[in-house]
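Visitor: Once you've had a glance at the structure underneath, I'll fire off some questions.
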Amino acid sequence: MDHFIQIKDMLMGLDPLTWWLALLAIFGLSTGFFTGYFRARKIQPNGFKWPIFRREVGWAVFNVSVTTLVLGAVSSFLKAKGWISFNSEPASGWVIAMEYAIYFLGFDTWFYWWHRLMHMERFYNLTHKVHHGSITPNPVTSLSMNPVEGIIEGAWVPVLTSLLTLHETTMIFVIPTAVVMGQYVHSGFEILPSWWNRSWLTKWFISATFHDQHHRYFKGNYGGYTTIWDHICGTVRPRYEVDFVKITTRPIRRAPDAKREKATT
Ligand SMILES: [Zn+2]
Ligand SMILES: [Zn+2]
């Protein structure tokens with residue numbers, strides 16, 4: 001009974017915005033499920049395998065435990081020594097946007113070059129092999145990696161905050177970005193519109209298909225947040241844009257139609 005009251009208090013304590021966002025997410029997910037949208041937008045249909053998923057869960061738990069412990073200890077040490085500090089003063093939206101852009105493009109550069117290095121034969125087994133055990137990514141894949149890789153990638157935040165004193169407000173956006181991007185690119189579903197790579201404004205941001213293809217084909221599409229370095233270095237998969245349009249223009253069929261179609265083919 002006590003637990004029930006605690007849960008009730010927790011739910012009542014949520015602010016209206018969180019409630020609206022949660023309701024919107026539930027509405028969006030159920031609409032996508034019942035209309036057949038998710039079935040149409042599954043990047044690799046029929047790729048899910050339980051034994052691989054179980055292995056991913058094990059590595060994810062191990063990686064998160066070790067990585068948070070190590071990076072937490074390093075960050076606390078650097079804070080105590082005065083290397084890492086944050087600015088708690090209010091700042092204009094432009095300053096926050098600039099600092100956020102430095103984090104975003106900085107992480108993308110950090111990730112691209114470490115990622116390329118981890119693909120080199122002599123470093124691969126010790127760092128990146130575990131993450132590539134997943135050929136059809138799902139949200140758990142984003143955490144399923146050797147802690148050596150987890151620490152390398154997560155180190156960008158302590159490195160950046162040691163070099164620059166960012167505003168606390170900027171930091172509010174940093175962790176959610178890392179979580180949302182990690183979940184989205186490994187989701188296994190493409191939710192972006194088919195014109196994404198044709199628009200000069202949006203083509204620089206990666207899609208779930210972009211990273212999904214990195215898992216499926218192993219070579220090419222190394223970027224973490226953007227396609228910029230892949231474009232500069234010529235490492236975008238040649239068929240990426242064609243495949244992206246194919247996935248995002250698949251017809252959406254309701255479950256009974258899809259089943260009937262399968263039965264007749
Ligand atoms: Zn890789
Ligand atoms: Zn991945």
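In the structure tokens, chains take letters A, B, ... by order of appearance, with residues numbered from 1 within each chain and ligands from 1 in the order shown.
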List all protein, DNA and RNA residues that have any atom at most 9 Å from ligand 1, counting only C-alpha atoms and all ligand atoms, and write the list as a PDB file with C-alpha atoms, in the first residue's frame.
Guide:
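This is the output file out-v3.pdb:
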ATOM      1  CA  HIS A 115      35.366   5.373 -34.480  1.00  0.00           C
ATOM      2  CA  ARG A 116      37.667   5.209 -37.509  1.00  0.00           C
ATOM      3  CA  MET A 118      38.543   1.591 -33.467  1.00  0.00           C
ATOM      4  CA  HIS A 119      37.819   0.031 -36.865  1.00  0.00           C
ATOM      5  CA  HIS A 128      34.563  -1.938 -30.967  1.00  0.00           C
ATOM      6  CA  LYS A 129      33.934  -5.652 -31.637  1.00  0.00           C
ATOM      7  CA  HIS A 131      29.129  -3.151 -30.428  1.00  0.00           C
ATOM      8  CA  HIS A 132      29.297  -4.714 -33.903  1.00  0.00           C
ATOM      9  CA  HIS A 211      23.841   4.232 -38.539  1.00  0.00           C
ATOM     10  CA  HIS A 214      26.907   0.955 -40.500  1.00  0.00           C
ATOM     11  CA  HIS A 215      25.875  -2.037 -38.353  1.00  0.00           C
ATOM     12  CA  PHE A 218      30.216  -2.666 -41.271  1.00  0.00           C
ATOM     13  CA  LYS A 219      32.029  -0.239 -43.594  1.00  0.00           C
ATOM     14  CA  GLY A 220      31.102   3.418 -44.188  1.00  0.00           C
ATOM     15  CA  ASN A 221      28.736   5.844 -42.364  1.00  0.00           C
ATOM     16  CA  TYR A 222      31.008   6.399 -39.336  1.00  0.00           C
TER      17      TYR A 222
END
Visitor: Counting only C-alpha atoms and all ligand atoms, name the residues that have an atom within 9 Å of an atom of ligand 2; the answer should be given as an NGL selection string.
Guide: :A and (131-132 or 134 or 137 or 141-145 or 182 or 185-186 or 211-212 or 214-215 or 224)
Visitor: Can you tell me how far atom CA of Ile152 of chain A sits from atom CA of Phe244 of chain A, in Å to one decimal?
Guide: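 Atom CA of Phe244 of chain A lies 29.8 Å from atom CA of Ile152 of chain A.
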Visitor: Measuring between only C-alpha atoms, which one of A:Leu29, A:Val148, A:Leu160, A:Leu105 shows the shortest distance to Tyr124 of chain A?
Guide: A:Val148
Visitor: Can you list every residue in segment 6-248 of chain A that DSSP puts in helix (DSSP H, G or I), as a VMD selection string?
Guide: chain A and resid 6 to 13 16 to 35 37 to 40 50 to 80 93 to 118 121 to 127 131 to 133 139 to 142 147 to 154 156 to 163 168 to 185 208 to 217 228 to 233 240 to 248
Visitor: In terms of the shortest atom-to-atom distance over only C-alpha atoms, which of A:Gln6, A:Thr227, A:Thr165, A:Thr31 is closest to Glu241 of chain A?
Guide: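 Checking each of A:Gln6, A:Thr227, A:Thr165, A:Thr31 against Glu241 of chain A, counting only C-alpha atoms, the winner is A:Thr227.
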Visitor: Using Å and a single decimal, report how far atom CA of Ile206 of chain A sits from atom CA of Arg237 of chain A.
Guide: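 Pair atom CA of Arg237 of chain A / atom CA of Ile206 of chain A returns 12.4 Å.
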Visitor: Mind pulling up the distance from atom CA of Trp114 of chain A to atom CA of Gly58 of chain A?
Guide: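 Straight-line distance from atom CA of Gly58 of chain A to atom CA of Trp114 of chain A works out to 24.0 Å.
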Visitor: Extract, using only C-alpha atoms, all DNA, RNA and protein residues at most 8 Å from Glu153 of chain A, discarding same-chain residues fewer than 4 positions from it, and format them as a ChimeraX atom specification.
Guide: /A:110-111,114,149
Visitor: Since we have the selection now, will you write its residues out, keeping C-alpha atoms, as a PDB file, in the first residue's frame?
Guide:
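Result file is result_13.pdb:
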ATOM      1  CA  TRP A 110      35.559  13.165 -31.454  1.00  0.00           C
ATOM      2  CA  PHE A 111      33.294  10.208 -32.289  1.00  0.00           C
ATOM      3  CA  TRP A 114      37.852   7.518 -32.565  1.00  0.00           C
ATOM      4  CA  GLU A 149      34.642   2.031 -26.020  1.00  0.00           C
TER       5      GLU A 149
END
